[in-house]
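K.L.:
Questions regarding the structure given below will be posed in turn.
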Amino acid sequence: MSLKIYNVLTRQKEEFVPLTEGKVNMYVCGPTVYDYSHIGHAKTYVSFDVVVRYLRYIGYDVLYVQNITDVGHMLDTGEDRILKKARQLSALPMQVVETYMRSYFEDMDALGVKRPDISPRASAHIPEQIAMIQKLIEKGHAYVVDGSVYFDVTSFPEYGKLSGRKVEELEEGARVAIREEKRHPADFALWKKADPEHILRWPSPWGEGYPGWHIECSAMATKYLGVTFDIHGGGIDNIFPHNECEIAQSEAAHGEPFARYWMLTGSLTLDGVKMSKSLGNTLTIKDALKRWRPEAIRTFILSSHYSSPIDFSDEAVEAAHKGWQRIWGAVSLTRARLRHAPEGEADPNVVTMLEETKATFIEKMNDDFNAPAALAVLQELTRNVNGLLNERSDLTKGTLAAIDQLYRELGGDVLGIVPETTEASASAEREQGLIELLIELRAQARARKDWATADQIRDRLKALGVVLEDRPDGTTWKLA
RNA sequence: GGCGACGUGGCCAAGUGGUAAGGCAAGGGUCUGCAAAACCCUGAUCACCGGUUCGAAUCCGGUCGUCGCCUCCA
């Protein structure tokens, strides 16, 4: 069975056939780095992280480009977001950019999001953007007015094909254009003339200015992925005008299709309402990570399809966390048992079960990256594994290693919710030794039915965050 | 006002024509010194109305409701 992707451009689920066999060129709109990243960013980039991980898992050579917007993104007041923040902090614009870009990568690293292969910055690609604008002017798709350049939407009949909007409708509902110099209210800026106080500025054929917001993505995607490439991703909230403008600029400039498959992620609300600065209900990734481990947040995000909107709430994340703990418990126990298991080949029956699990998992992911269904497969695997762990004391190293390996692939490599190492192996050797010593002493106490001592050890360790569980084959421990 | 999405058991959520995955919560049970964990068992006819069909959660029409976009947003 082959991979199918819901293509927003055609509003259909289509078989995925890359331009070049075995290779995927992919672009995802990145953040504008003017503040700390919030959990909405987490939803989008974790979603695409799993897309990239899966494409690689099934053998594609993926080139993943995600921009960093550090100039050109205007507020509706016409003010540059970066400049506004810089003024608030009395800092240089590039200090602001540097601060929040580093913060963004920190957050993504913490969430287990693999870094893009290229993270191009808009401010580092001014010449490419200018060249593209010039091409658009030459081809009659853009016009210059007093040092600024605008894209002429009437010159591109397909404008609106992604979002389903029509220029005529836009005109009706459009607010009074702030810049009267535009010929059509829907025309958008490619290049803006810099006012004297605007310090983010570059020389151009039209005078000192700065690029519009949309042109960077077109210019950088083209530079690194080619005129036509395979997948373009982003949040659904950018479908208009941003994504629409990208298509218009690129296809008008090159006369070739831009991205072939468009994948857009659903938005995230917080306790039922959209996050917004004015309501003050934003939750940064850093704050979320103080409450939940990254795997819990990833599991929560992957519990709904990437294209669905999700609502972030304590209860929902907590439920996802519990579900994750069940999987992680089975993985930890498998690895613990592996250390003392008898040598031997893998049990053929278990191997068959694992193969079926893997096949089903792939089937689900092939269906437009259905992570929630894939997660359910992992849960069923976990039920089977826990059953084996409970009932069979004779599991060999081969069997246990095969189980561990499947979790590493599906839960680790693809979904990124199964860590490489368990707490036991990750923690310091001395600490491990101390815990095991206490477990031994407690076992002796239990043997002589000294429950007071046994419980004291367990309770004290629990207070320190070390949870003991007595099983038929011995006591295991894990970090809470 | 325009465009679009959605409405599945207490909660979250898969499932797009053949009699409803999974997780969380709840109840019962097994195991256990106790606990924890795990395992087993128990529950929905899919917002409502009408239509198409041998047959629909799944297609069509309508009603109600929720949300997103249309202006900056991942």
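Chain identifiers are assigned as A, B, and so on, following the order in which chains appear in the structure tokens; residues are numbered from 1 within each chain, and ligands are numbered from 1 in order of appearance.
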If the cut-off is 7 Å, can you tell me the residues of chain A near chain B, counting only C-alpha atoms (C1' of nucleotides)? I'd like them as a ChimeraX atom specification.
P.N.:
/A:31,40-41,44,75-76,165,234-235,237,303-304,316,319,323,372-373,376,379,386-387,469
K.L.:
At a cut-off of 12 Å, using only C-alpha atoms (C1' of nucleotides), what residues contact Gly474 (chain A)? Leave out same-chain residues fewer than 2 positions from it and give the result as a count of residues only.
P.N.:
19
K.L.:
Mind checking which residues fall within 10 Å of G9 (chain B), counting only C-alpha atoms (C1' of nucleotides), ignoring those fewer than 6 positions away in the same chain, and posting them as a PyMOL selection string?
P.N.:
chain B and resi 43-44+46
K.L.:
Measure the distance from CA of Trp191 (chain A) to CA of Phe258 (chain A) in Å and round it to one decimal.
P.N.:
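So the answer is 20.8 Å.
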K.L.:
Find the residues around Tyr261 (chain A) up to 10 Å (only C-alpha atoms (C1' of nucleotides) counted), leave out those fewer than 3 positions away in its own chain, and share them as number ranges by chain.
P.N.:
A: 5-10, 14, 16-18, 26, 229-233, 258, 264
K.L.:
For C1' of A47 (chain B) and CA of Ser267 (chain A), quote the distance in Å rounded to one decimal.
P.N.:
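Separation between C1' of A47 (chain B) and CA of Ser267 (chain A): 23.2 Å.
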